[in-house]
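S.K.: Structure file protein-v1.tsv (TSV, C-alpha atoms) is given on the next line.
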```tsv
chain	number	residue	atom	x	y	z
A	28	MET	CA	7.42	9.06	-12.69
A	29	ILE	CA	10.48	6.85	-12.18
A	30	ARG	CA	13.77	7.32	-13.95
A	31	CYS	CA	15.87	4.18	-13.84
A	32	HIS	CA	19.65	4.64	-14.16
A	33	GLU	CA	21.30	1.66	-15.79
A	34	THR	CA	24.03	3.32	-17.84
A	35	GLY	CA	25.75	6.66	-17.95
A	36	GLU	CA	27.61	8.63	-15.37
A	37	GLU	CA	24.93	8.65	-12.69
A	38	GLY	CA	24.40	4.91	-12.88
A	39	ASP	CA	28.05	3.81	-12.87
A	40	TRP	CA	29.35	1.95	-9.85
A	41	SER	CA	31.90	3.91	-7.85
A	42	HIS	CA	33.64	3.55	-4.54
A	43	GLU	CA	35.12	5.68	-1.79
A	44	ASP	CA	38.53	4.70	-0.38
A	45	HIS	CA	39.13	6.91	2.64
A	46	GLN	CA	42.32	6.46	4.59
A	47	ILE	CA	40.33	5.93	7.78
A	48	SER	CA	38.00	3.37	6.24
A	49	ILE	CA	38.46	-0.35	6.73
A	50	SER	CA	36.39	-1.38	3.70
A	51	LYS	CA	35.25	0.06	0.38
A	52	ALA	CA	31.56	0.57	-0.40
A	53	LEU	CA	30.37	0.33	-3.98
A	54	HIS	CA	27.41	2.57	-4.72
A	55	GLN	CA	25.21	3.71	-7.57
A	56	CYS	CA	21.97	5.61	-8.05
A	57	ILE	CA	19.54	3.04	-9.47
A	58	ALA	CA	16.39	5.18	-9.72
A	59	THR	CA	15.03	8.68	-9.25
A	60	LEU	CA	11.41	9.06	-8.12
A	61	VAL	CA	9.86	12.25	-9.45
A	62	GLY	CA	6.32	12.71	-8.16
A	63	HIS	CA	6.38	15.92	-6.13
A	64	THR	CA	7.28	18.04	-9.15
A	65	SER	CA	6.36	21.45	-7.72
A	66	SER	CA	7.42	20.90	-4.13
A	67	TYR	CA	10.40	19.61	-2.20
A	68	ILE	CA	10.62	16.33	-0.27
A	69	SER	CA	10.37	16.99	3.45
A	70	SER	CA	9.97	13.48	4.96
A	71	LEU	CA	10.38	9.77	4.16
A	72	THR	CA	9.52	6.49	5.83
A	73	LEU	CA	9.79	2.90	4.68
A	74	ALA	CA	7.42	0.13	5.80
A	75	GLY	CA	8.10	-3.20	4.11
A	76	LYS	CA	7.34	-2.79	0.40
A	77	ARG	CA	5.93	0.68	0.87
A	78	LEU	CA	7.84	3.93	0.69
A	79	TYR	CA	5.96	7.00	1.91
A	80	THR	CA	7.14	10.46	0.87
A	81	GLY	CA	5.89	13.77	2.27
A	82	SER	CA	6.39	17.16	0.67
A	83	ASN	CA	6.16	20.81	1.62
A	84	ASP	CA	2.78	21.21	-0.12
A	85	GLY	CA	1.19	18.77	2.35
A	86	VAL	CA	0.96	15.82	-0.06
A	87	VAL	CA	1.94	12.29	1.00
A	88	ARG	CA	2.64	9.75	-1.74
A	89	LEU	CA	3.05	5.98	-1.67
A	90	TRP	CA	5.65	4.20	-3.78
A	91	ASN	CA	6.27	0.50	-4.32
A	92	ALA	CA	9.81	-0.01	-3.07
A	93	SER	CA	9.96	-3.80	-3.04
A	94	THR	CA	12.53	-4.37	-5.80
A	95	LEU	CA	14.41	-2.42	-8.47
A	96	GLU	CA	12.49	-4.29	-11.19
A	97	THR	CA	9.16	-3.32	-9.69
A	98	LEU	CA	10.27	0.28	-9.37
A	99	ALA	CA	11.42	0.43	-12.96
A	100	GLU	CA	8.46	-1.38	-14.55
A	101	ALA	CA	5.49	-0.16	-12.54
A	102	PRO	CA	3.17	1.68	-15.00
A	103	SER	CA	1.46	3.60	-12.21
A	104	ASN	CA	4.20	4.07	-9.69
A	105	SER	CA	2.68	6.09	-6.89
A	106	ASP	CA	-0.54	6.82	-5.07
A	107	VAL	CA	-1.46	10.14	-3.53
A	108	ILE	CA	-2.74	9.49	-0.02
A	109	THR	CA	-3.68	13.00	1.04
A	110	GLY	CA	-5.16	14.14	-2.28
A	111	GLU	CA	-3.58	16.06	-5.13
A	112	ARG	CA	-3.69	19.18	-2.98
A	113	GLY	CA	-2.41	18.38	0.47
A	114	ASP	CA	-3.64	19.83	3.72
A	115	GLY	CA	-1.65	21.38	6.52
A	116	GLY	CA	1.50	22.62	4.84
A	117	ALA	CA	4.83	20.79	4.84
A	118	VAL	CA	4.79	17.18	6.04
A	119	LYS	CA	7.61	17.32	8.60
A	120	SER	CA	7.54	13.69	9.78
A	121	LEU	CA	5.93	10.32	8.95
A	122	VAL	CA	5.40	7.38	11.32
A	123	ILE	CA	3.74	4.00	10.65
A	124	LEU	CA	1.96	1.99	13.35
A	125	SER	CA	0.30	-1.18	12.05
A	126	ASP	CA	-2.48	0.06	9.73
A	127	LYS	CA	-2.14	3.72	10.73
A	128	LEU	CA	-0.01	6.48	9.25
A	129	PHE	CA	0.74	9.54	11.43
A	130	THR	CA	1.80	12.72	9.63
A	131	ALA	CA	3.20	15.83	11.34
A	132	HIS	CA	2.53	19.15	9.65
A	133	GLN	CA	3.66	22.73	9.44
A	134	ASP	CA	0.16	23.89	10.47
A	135	GLN	CA	0.74	22.67	14.07
A	136	LYS	CA	-1.37	19.50	13.71
A	137	ILE	CA	-0.86	15.75	13.50
A	138	ARG	CA	-3.07	13.78	11.11
A	139	VAL	CA	-3.90	10.09	11.25
A	140	TRP	CA	-4.66	7.94	8.20
A	141	LYS	CA	-6.06	4.42	7.92
A	142	ILE	CA	-4.07	2.22	5.54
A	143	ASN	CA	-6.00	-0.56	3.84
A	144	ASP	CA	-4.30	-3.95	3.75
A	145	VAL	CA	-3.64	-4.28	0.02
A	146	VAL	CA	-0.92	-5.95	-2.01
A	147	GLU	CA	0.66	-3.41	-4.34
A	148	GLU	CA	1.38	-5.87	-7.16
A	149	GLU	CA	-2.21	-7.14	-7.37
A	150	ALA	CA	-4.49	-4.31	-6.35
A	151	GLU	CA	-5.81	-1.68	-8.72
A	152	ALA	CA	-5.06	1.92	-7.89
A	153	SER	CA	-8.74	2.58	-7.26
A	154	ASN	CA	-8.74	-0.02	-4.47
A	155	LYS	CA	-5.88	1.56	-2.55
A	156	LYS	CA	-7.86	3.72	-0.18
A	157	TYR	CA	-6.42	5.76	2.65
A	158	MET	CA	-9.02	7.14	5.00
A	159	HIS	CA	-8.45	10.19	7.19
A	160	LEU	CA	-9.17	9.00	10.74
A	161	ALA	CA	-8.40	11.99	12.92
A	162	THR	CA	-6.60	15.28	13.37
A	163	MET	CA	-4.71	15.70	16.64
A	164	PRO	CA	-5.63	17.22	18.96
A	165	THR	CA	-9.08	15.76	18.33
A	166	MET	CA	-12.25	17.81	18.60
A	167	SER	CA	-13.28	16.01	21.79
A	168	ASP	CA	-9.85	16.64	23.31
A	169	ARG	CA	-10.00	20.33	22.42
A	170	LEU	CA	-13.53	20.78	23.76
A	171	ALA	CA	-12.77	19.00	27.02
A	172	LYS	CA	-9.71	21.15	27.67
A	173	CYS	CA	-11.15	24.53	26.64
A	174	LEU	CA	-13.94	24.30	29.24
A	175	MET	CA	-11.46	24.37	32.12
A	176	PRO	CA	-9.50	27.63	32.65
A	177	ASN	CA	-6.57	25.79	34.25
A	178	ASN	CA	-5.99	23.95	30.95
A	179	GLN	CA	-5.10	27.23	29.24
A	180	ILE	CA	-1.44	28.23	28.95
A	181	GLN	CA	0.15	31.51	27.89
A	182	ILE	CA	1.74	31.16	24.44
A	183	ARG	CA	2.22	34.84	23.62
A	184	ARG	CA	1.83	38.09	25.47
A	185	HIS	CA	-1.90	38.41	24.72
A	186	LYS	CA	-2.77	34.90	23.59
A	187	LYS	CA	-3.60	31.66	25.36
A	188	ALA	CA	-4.28	28.12	24.13
A	189	SER	CA	-5.06	24.78	25.74
A	190	TRP	CA	-2.00	22.68	26.54
A	191	VAL	CA	-3.02	19.95	24.07
A	192	HIS	CA	-2.30	22.27	21.13
A	193	HIS	CA	1.01	22.68	19.40
A	194	VAL	CA	1.31	26.36	18.51
A	195	ASP	CA	4.07	26.05	15.91
A	196	ALA	CA	5.16	23.49	13.31
A	197	VAL	CA	5.24	19.86	14.51
A	198	SER	CA	8.80	18.95	13.58
A	199	GLY	CA	9.10	15.31	14.64
A	200	LEU	CA	7.26	12.15	15.68
A	201	ALA	CA	8.39	8.94	17.39
A	202	LEU	CA	6.58	5.89	18.79
A	203	SER	CA	7.15	4.13	22.09
A	204	ARG	CA	8.53	0.62	21.67
A	205	ASP	CA	5.16	-0.99	22.47
A	206	GLY	CA	3.33	1.41	20.13
A	207	THR	CA	0.96	2.69	22.80
A	208	LEU	CA	2.39	6.22	22.90
A	209	LEU	CA	3.25	8.77	20.23
A	210	TYR	CA	5.76	11.51	21.05
A	211	SER	CA	5.68	14.78	19.14
A	212	VAL	CA	8.04	17.74	19.24
A	213	SER	CA	7.56	21.20	17.85
A	214	TRP	CA	9.17	24.51	17.16
A	215	ASP	CA	6.99	25.74	20.04
A	216	ARG	CA	9.58	24.09	22.37
A	217	THR	CA	7.16	21.47	23.73
A	218	LEU	CA	7.24	17.68	23.93
A	219	LYS	CA	3.78	16.12	23.86
A	220	ILE	CA	2.72	12.56	24.59
A	221	TRP	CA	-0.34	11.05	22.86
A	222	ARG	CA	-2.21	7.76	23.26
A	223	THR	CA	-2.32	5.93	19.93
A	224	THR	CA	-5.61	4.11	20.56
A	225	ASP	CA	-7.88	7.16	20.86
A	226	PHE	CA	-5.36	9.92	19.88
A	227	LYS	CA	-5.79	11.69	23.22
A	228	CYS	CA	-3.05	14.02	24.45
A	229	LEU	CA	-1.90	12.67	27.82
A	230	GLU	CA	0.85	15.10	28.71
A	231	SER	CA	2.67	18.19	27.52
A	232	ILE	CA	6.12	19.27	28.68
A	233	THR	CA	6.16	23.04	28.19
A	234	ASN	CA	9.52	24.75	27.59
A	235	ALA	CA	11.24	21.39	27.21
A	236	HIS	CA	13.99	23.36	25.45
A	237	GLU	CA	15.01	27.00	25.18
A	238	ASP	CA	14.56	27.06	21.39
A	239	ALA	CA	12.78	25.13	18.64
A	240	ILE	CA	12.88	21.33	18.96
A	241	ASN	CA	13.85	19.72	15.66
A	242	ALA	CA	14.12	15.99	16.36
A	243	VAL	CA	12.91	13.20	18.64
A	244	GLU	CA	13.99	9.55	19.01
A	245	VAL	CA	12.99	6.73	21.38
A	246	SER	CA	15.56	4.16	22.52
A	247	GLU	CA	15.14	0.43	23.17
A	248	ASN	CA	14.84	1.06	26.92
A	249	GLY	CA	12.13	3.68	26.40
A	250	ASP	CA	14.19	6.82	26.96
A	251	ILE	CA	13.15	9.78	24.78
A	252	TYR	CA	15.81	11.99	23.17
A	253	THR	CA	15.00	15.49	21.92
A	254	GLY	CA	17.35	17.71	19.91
A	255	SER	CA	16.97	21.46	19.66
A	256	SER	CA	18.27	24.63	18.07
A	257	ASP	CA	19.40	25.57	21.60
A	258	ARG	CA	22.40	23.23	21.00
A	259	LYS	CA	21.20	20.74	23.60
A	260	ILE	CA	19.97	17.15	23.60
A	261	LYS	CA	17.67	16.24	26.46
A	262	VAL	CA	16.88	12.76	27.70
A	263	TRP	CA	13.42	12.06	29.13
A	264	ARG	CA	12.08	8.98	30.87
A	265	LYS	CA	8.62	7.63	31.58
A	266	ASN	CA	7.81	7.46	35.28
A	267	LEU	CA	6.78	3.90	36.15
A	268	ASP	CA	6.21	4.51	39.86
A	269	GLU	CA	2.48	5.10	40.46
A	270	GLU	CA	3.06	7.05	43.67
A	271	GLU	CA	5.61	9.28	42.03
A	272	LYS	CA	3.26	9.88	39.09
A	273	LYS	CA	0.83	11.55	41.47
A	274	LYS	CA	3.54	13.92	42.67
A	275	ARG	CA	5.02	14.90	39.33
A	276	LYS	CA	4.58	14.46	35.57
A	277	LYS	CA	4.44	11.07	33.88
A	278	HIS	CA	7.72	11.87	32.08
A	279	TYR	CA	10.71	13.57	33.65
A	280	LEU	CA	14.11	14.91	32.59
A	281	VAL	CA	17.02	12.50	33.04
A	282	ALA	CA	19.96	14.30	31.45
A	283	THR	CA	21.00	17.29	29.34
A	284	LEU	CA	23.79	16.85	26.79
A	285	SER	CA	25.50	20.12	25.87
A	286	GLU	CA	28.54	19.25	23.75
A	287	HIS	CA	27.29	20.67	20.43
A	288	ASP	CA	28.61	24.03	19.26
A	289	SER	CA	25.61	24.65	16.99
A	290	GLY	CA	21.89	23.91	16.74
A	291	ILE	CA	20.87	20.26	16.47
A	292	ASN	CA	18.78	19.31	13.42
A	293	ALA	CA	18.69	15.50	13.53
A	294	LEU	CA	18.98	12.47	15.83
A	295	ALA	CA	19.33	8.74	15.21
A	296	LEU	CA	19.83	5.67	17.40
A	297	SER	CA	21.69	2.47	16.50
A	298	SER	CA	21.31	-1.09	17.72
A	299	TYR	CA	24.59	-0.64	19.57
A	300	SER	CA	22.83	1.90	21.83
A	301	LEU	CA	24.80	4.68	20.19
A	302	LEU	CA	23.16	8.06	19.69
A	303	TYR	CA	24.03	10.19	16.67
A	304	SER	CA	23.26	13.91	16.53
A	305	GLY	CA	23.70	16.18	13.51
A	306	GLY	CA	24.46	19.86	13.92
A	307	SER	CA	24.23	23.04	11.87
A	308	ASP	CA	28.04	23.22	11.77
A	309	GLY	CA	28.20	20.02	9.68
A	310	SER	CA	29.43	17.77	12.50
A	311	ILE	CA	27.86	14.55	13.77
A	312	LEU	CA	28.50	13.62	17.39
A	313	VAL	CA	28.47	9.97	18.50
A	314	TRP	CA	27.21	9.44	22.04
A	315	GLU	CA	27.67	6.33	24.20
A	316	ARG	CA	26.56	5.29	27.68
A	317	ASN	CA	29.24	4.10	30.07
A	318	GLU	CA	29.39	0.40	30.95
A	319	GLU	CA	27.27	0.85	34.05
A	320	GLY	CA	24.47	2.29	31.91
A	321	GLY	CA	24.80	5.69	33.55
A	322	ASN	CA	26.20	8.89	32.06
A	323	ILE	CA	26.14	9.54	28.32
A	324	ALA	CA	29.33	10.97	26.84
A	325	VAL	CA	30.71	11.82	23.39
A	326	ALA	CA	32.59	8.83	21.96
A	327	GLY	CA	33.50	10.32	18.59
A	328	VAL	CA	32.85	13.00	15.98
A	329	LEU	CA	32.04	12.37	12.30
A	330	ARG	CA	33.33	15.17	10.09
A	331	GLY	CA	33.06	15.56	6.33
A	332	HIS	CA	29.95	17.59	5.55
A	333	THR	CA	30.70	21.18	4.63
A	334	GLU	CA	27.28	22.51	5.59
A	335	SER	CA	24.47	21.74	8.05
A	336	VAL	CA	23.54	18.12	8.72
A	337	LEU	CA	19.77	18.06	8.10
A	338	CYS	CA	18.87	14.37	8.55
A	339	LEU	CA	20.19	11.09	9.93
A	340	ALA	CA	19.11	7.47	9.56
A	341	VAL	CA	20.52	4.17	10.82
A	342	VAL	CA	20.18	1.19	8.48
A	343	SER	CA	21.49	-1.92	10.22
A	344	ASP	CA	25.18	-1.16	10.82
A	345	ILE	CA	25.40	1.93	8.61
A	346	VAL	CA	24.68	5.54	9.59
A	347	CYS	CA	23.40	7.76	6.76
A	348	SER	CA	23.64	11.55	6.94
A	349	GLY	CA	22.12	14.12	4.60
A	350	SER	CA	23.30	17.68	4.40
A	351	ALA	CA	22.71	21.13	3.00
A	352	ASP	CA	25.91	20.48	1.00
A	353	LYS	CA	23.69	18.28	-1.29
A	354	THR	CA	25.45	15.02	-0.38
A	355	VAL	CA	24.63	11.86	1.54
A	356	ARG	CA	27.43	10.28	3.54
A	357	LEU	CA	27.52	6.69	4.77
A	358	TRP	CA	29.39	5.87	7.96
A	359	LYS	CA	30.39	2.65	9.65
A	360	CYS	CA	28.23	2.17	12.73
A	361	SER	CA	30.07	0.30	15.49
A	362	LEU	CA	31.66	0.82	18.86
A	363	VAL	CA	35.18	0.88	17.40
A	364	ASP	CA	34.85	2.20	13.83
A	365	TYR	CA	33.34	5.54	12.81
A	366	SER	CA	34.80	5.65	9.30
A	367	CYS	CA	33.17	7.11	6.18
A	368	LEU	CA	32.26	4.39	3.68
A	369	ALA	CA	30.91	6.48	0.80
A	370	VAL	CA	29.77	9.91	-0.35
A	371	LEU	CA	26.63	9.89	-2.52
A	372	GLU	CA	26.44	12.83	-4.92
A	373	GLY	CA	23.63	13.61	-7.34
A	374	HIS	CA	21.07	15.80	-5.58
A	375	ARG	CA	20.78	19.35	-6.87
A	376	GLY	CA	19.62	20.71	-3.53
A	377	PRO	CA	19.99	20.09	0.21
A	378	VAL	CA	19.12	16.56	1.38
A	379	LYS	CA	16.23	16.81	3.84
A	380	CYS	CA	15.33	13.19	4.70
A	381	LEU	CA	16.66	9.63	4.59
A	382	THR	CA	15.54	6.05	5.07
A	383	GLY	CA	16.69	2.64	3.91
A	384	ALA	CA	16.77	-1.13	4.32
A	385	ILE	CA	18.99	-4.15	3.76
A	386	ARG	CA	18.38	-5.99	0.48
A	387	ASP	CA	19.39	-9.50	-0.56
A	388	SER	CA	22.67	-9.22	-2.46
A	389	GLY	CA	22.78	-12.88	-3.43
A	390	SER	CA	26.31	-13.10	-2.06
A	391	GLN	CA	27.76	-13.93	1.35
A	392	SER	CA	30.81	-11.76	0.67
A	393	GLU	CA	28.91	-8.46	0.68
A	394	THR	CA	25.86	-6.78	2.18
A	395	SER	CA	23.44	-4.86	-0.03
A	396	TYR	CA	21.50	-1.80	1.08
A	397	HIS	CA	18.90	0.41	-0.59
A	398	ILE	CA	19.08	3.99	0.66
A	399	PHE	CA	16.35	6.52	-0.17
A	400	SER	CA	17.16	10.23	-0.01
A	401	GLY	CA	14.76	13.15	-0.49
A	402	GLY	CA	15.79	16.72	-1.14
A	403	LEU	CA	14.90	20.27	-1.99
A	404	ASP	CA	15.33	19.32	-5.67
A	405	SER	CA	11.90	17.59	-5.44
A	406	GLN	CA	13.47	14.18	-6.08
A	407	VAL	CA	13.79	10.94	-4.17
A	408	LYS	CA	16.93	9.09	-5.18
A	409	VAL	CA	17.31	5.34	-4.68
A	410	TRP	CA	20.88	4.21	-4.05
A	411	GLN	CA	22.21	0.66	-4.04
A	412	ILE	CA	25.13	0.18	-1.69
A	413	LEU	CA	27.37	-2.91	-1.59
A	414	VAL	CA	29.61	-3.26	1.48
A	415	PRO	CA	32.10	-6.15	1.70
A	416	THR	CA	31.58	-8.33	4.77
A	417	LEU	CA	34.64	-8.55	6.98
```
Starting from the file, lay out its structure as structure tokens.

M.R.:
Amino acid sequence: MIRCHETGEEGDWSHEDHQISISKALHQCIATLVGHTSSYISSLTLAGKRLYTGSNDGVVRLWNASTLETLAEAPSNSDVITGERGDGGAVKSLVILSDKLFTAHQDQKIRVWKINDVVEEEAEASNKKYMHLATMPTMSDRLAKCLMPNNQIQIRRHKKASWVHHVDAVSGLALSRDGTLLYSVSWDRTLKIWRTTDFKCLESITNAHEDAINAVEVSENGDIYTGSSDRKIKVWRKNLDEEEKKKRKKHYLVATLSEHDSGINALALSSYSLLYSGGSDGSILVWERNEEGGNIAVAGVLRGHTESVLCLAVVSDIVCSGSADKTVRLWKCSLVDYSCLAVLEGHRGPVKCLTGAIRDSGSQSETSYHIFSGGLDSQVKVWQILVPTL
């Protein structure tokens, strides 16, 4: 079900005029997507005209997010990909690669779905088929590893498992820039690397952190960032030297960033090569490499949330942050300006996930964005943001 807000308090345009802000951002909630009525929204991803939402009951839904008119007029506005009763518990992360959808779950597994190439406006709901391709680790991967004793690792005092298994919730997924590798992180403190062609686990970095890993991001140069409840961000790099690969793992630790005073829940990277990290104390740290491309240091701190920052997303030159304080904040994303552009209020529970895209505003004097936010109130809110161009 879609509720379109055209009039009334929730649909009125409003703006935030902070003293530290260069420009004002007009914003309004233009729609509320209500499909996961008995469960909260745990993950979001946007791929062209398709918005995918995952919930804590294991269900993934597809929404047509092409235009406001389509959202408001669609008679059948969502498809359930995983079935009315999902599998695997909460969907913690969603990643799209071409015609494949990867979903990370609370039950320690990653599932892969085949997406048929259909046009939402023309195809009937019955033709939109999403086939389950695999569950990672695959059966062949598990069988191959369980036959060799040296593939078993100690996970508890009296329990062992093969190194290809996550043994706690898979909390995040990220793709390499060429799409050949999938990185997964887990509350079991491991970082695993998978091949996307046959879904084989290639490597596992055990005890990558001292506590649960909550987020993973991959930069333009291929570096992998992991954020953890241990208050640290770690930077990993793929080893390209064939001789060195024989001596040590294919990925190795480059740096450890320890400036946070609380656990890290979310990471995001901007096109300016800035890293944003959200903490349980409500702060967002902005990280920047020095001009020589060497050390990474804190360049600024974004403050405003009164409770934990639970999610981050970069949409062009705007950073979006969602919090347990039930708000979404929009921040200017540049090397010289970290100002708050707007505060989006309307969720009745903590905001768990965010995504968005630039939309055509029809004007050269302003840039239009659609921001999607999912929360513990079981709703996905669609926000239109208008930012004046400087």

S.K.: Of the candidates A:Ser310, A:Thr165, A:Asn91, A:Ser348, which one gets nearest to A:Glu286 if we count all atoms listed in the file?

M.R.: A:Ser310

S.K.: Rounded to one decimal in Å, what is the spacing between atom CA of A:Phe129 and atom CA of A:Ile291?

M.R.: 23.4 Å

S.K.: Identify which of the residues A:Ile260, A:Ile68, A:Ala161, A:Val341 lies closest to A:Pro377, counting all atoms listed in the file when measuring atom-to-atom distances.

M.R.: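 Looking only at the distances to A:Pro377, the closest residue turns out to be A:Ile68.
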
S.K.: Pick from A:Thr162, A:Ser70, A:Ser285, A:Thr233: nearest to A:Ile323, with all atoms listed in the file counted?

M.R.: A:Ser285

S.K.: For atom CA of A:Ile108 and atom CA of A:Asp225, determine how far apart the two atoms are, in Å to one decimal place.

M.R.: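 Separation of atom CA of A:Ile108 and atom CA of A:Asp225: 21.6 Å.
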
S.K.: Considering all atoms listed in the file, state which residue in the set A:Asn143, A:Gln133, A:Ser246, A:Gln406 is at the smallest distance from A:Asp215.

M.R.: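 For A:Asp215, the nearest of the candidates is A:Gln133.
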
S.K.: When you count only C-alpha atoms, which of these residues is closest to A:Asp195: A:Cys228, A:Val342, A:Leu284, A:Ile240?

M.R.: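 Among the listed residues, A:Ile240 lies closest to A:Asp195.
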
S.K.: Ranking A:Asp205, A:Asp126, A:Asp364, A:Asp134 by minimum distance to A:Gly85 and counting all atoms listed in the file, which one comes first?

M.R.: A:Asp134

S.K.: Atom CA of A:Thr394 and atom CA of A:Thr416, how far apart in Å?

M.R.: 6.5 Å

S.K.: Excluding same-chain residues fewer than 5 positions from A:Leu89, what lies within 8 Å of it counting only C-alpha atoms, as a short mmCIF file (atom, residue, chain, number, x, y, z; two decimals) with C-alpha atoms, keeping the file's coordinate frame?

M.R.:
```
data_model
loop_
_atom_site.label_atom_id
_atom_site.label_comp_id
_atom_site.auth_asym_id
_atom_site.auth_seq_id
_atom_site.Cartn_x
_atom_site.Cartn_y
_atom_site.Cartn_z
CA ARG A 77 5.93 0.68 0.87
CA LEU A 78 7.84 3.93 0.69
CA TYR A 79 5.96 7.00 1.91
CA THR A 80 7.14 10.46 0.87
CA SER A 105 2.68 6.09 -6.89
CA ASP A 106 -0.54 6.82 -5.07
CA VAL A 107 -1.46 10.14 -3.53
CA ILE A 108 -2.74 9.49 -0.02
#
```

S.K.: Some atoms are absent from stretch 387-399 of chain A, so rebuild N, CA, C and O atoms and return them as a compact mmCIF listing (two decimals), in the coordinates of the input.

M.R.:
```txt
# COMPACT_ATOMS: atom_id res chain seq x y z
N ASP A 387 18.67 -8.27 -0.29
CA ASP A 387 19.39 -9.50 -0.56
C ASP A 387 20.37 -9.28 -1.71
O ASP A 387 19.97 -8.96 -2.83
N SER A 388 21.66 -9.44 -1.44
CA SER A 388 22.67 -9.22 -2.46
C SER A 388 22.95 -10.49 -3.26
O SER A 388 23.60 -10.42 -4.32
N GLY A 389 22.49 -11.62 -2.76
CA GLY A 389 22.78 -12.88 -3.43
C GLY A 389 24.19 -13.37 -3.21
O GLY A 389 24.64 -14.32 -3.86
N SER A 390 24.92 -12.73 -2.31
CA SER A 390 26.31 -13.10 -2.06
C SER A 390 26.59 -13.00 -0.56
O SER A 390 26.13 -12.08 0.11
N GLN A 391 27.37 -13.96 -0.06
CA GLN A 391 27.76 -13.93 1.35
C GLN A 391 28.96 -13.03 1.59
O GLN A 391 29.31 -12.75 2.74
N SER A 392 29.61 -12.57 0.53
CA SER A 392 30.81 -11.76 0.67
C SER A 392 30.52 -10.27 0.77
O SER A 392 31.43 -9.47 0.97
N GLU A 393 29.25 -9.88 0.60
CA GLU A 393 28.91 -8.46 0.68
C GLU A 393 27.47 -8.29 1.15
O GLU A 393 26.63 -9.18 1.00
N THR A 394 27.20 -7.14 1.73
CA THR A 394 25.86 -6.78 2.18
C THR A 394 25.32 -5.68 1.29
O THR A 394 26.03 -4.71 0.98
N SER A 395 24.06 -5.83 0.87
CA SER A 395 23.44 -4.86 -0.03
C SER A 395 22.42 -4.02 0.72
O SER A 395 21.64 -4.54 1.52
N TYR A 396 22.44 -2.73 0.46
CA TYR A 396 21.50 -1.80 1.08
C TYR A 396 20.81 -0.97 -0.02
O TYR A 396 21.42 -0.68 -1.05
N HIS A 397 19.55 -0.62 0.21
CA HIS A 397 18.90 0.41 -0.59
C HIS A 397 18.68 1.61 0.31
O HIS A 397 18.04 1.51 1.36
N ILE A 398 19.22 2.75 -0.09
CA ILE A 398 19.08 3.99 0.66
C ILE A 398 18.23 4.94 -0.17
O ILE A 398 18.45 5.11 -1.37
N PHE A 399 17.23 5.56 0.48
CA PHE A 399 16.35 6.52 -0.17
C PHE A 399 16.64 7.90 0.41
O PHE A 399 16.63 8.08 1.62
```
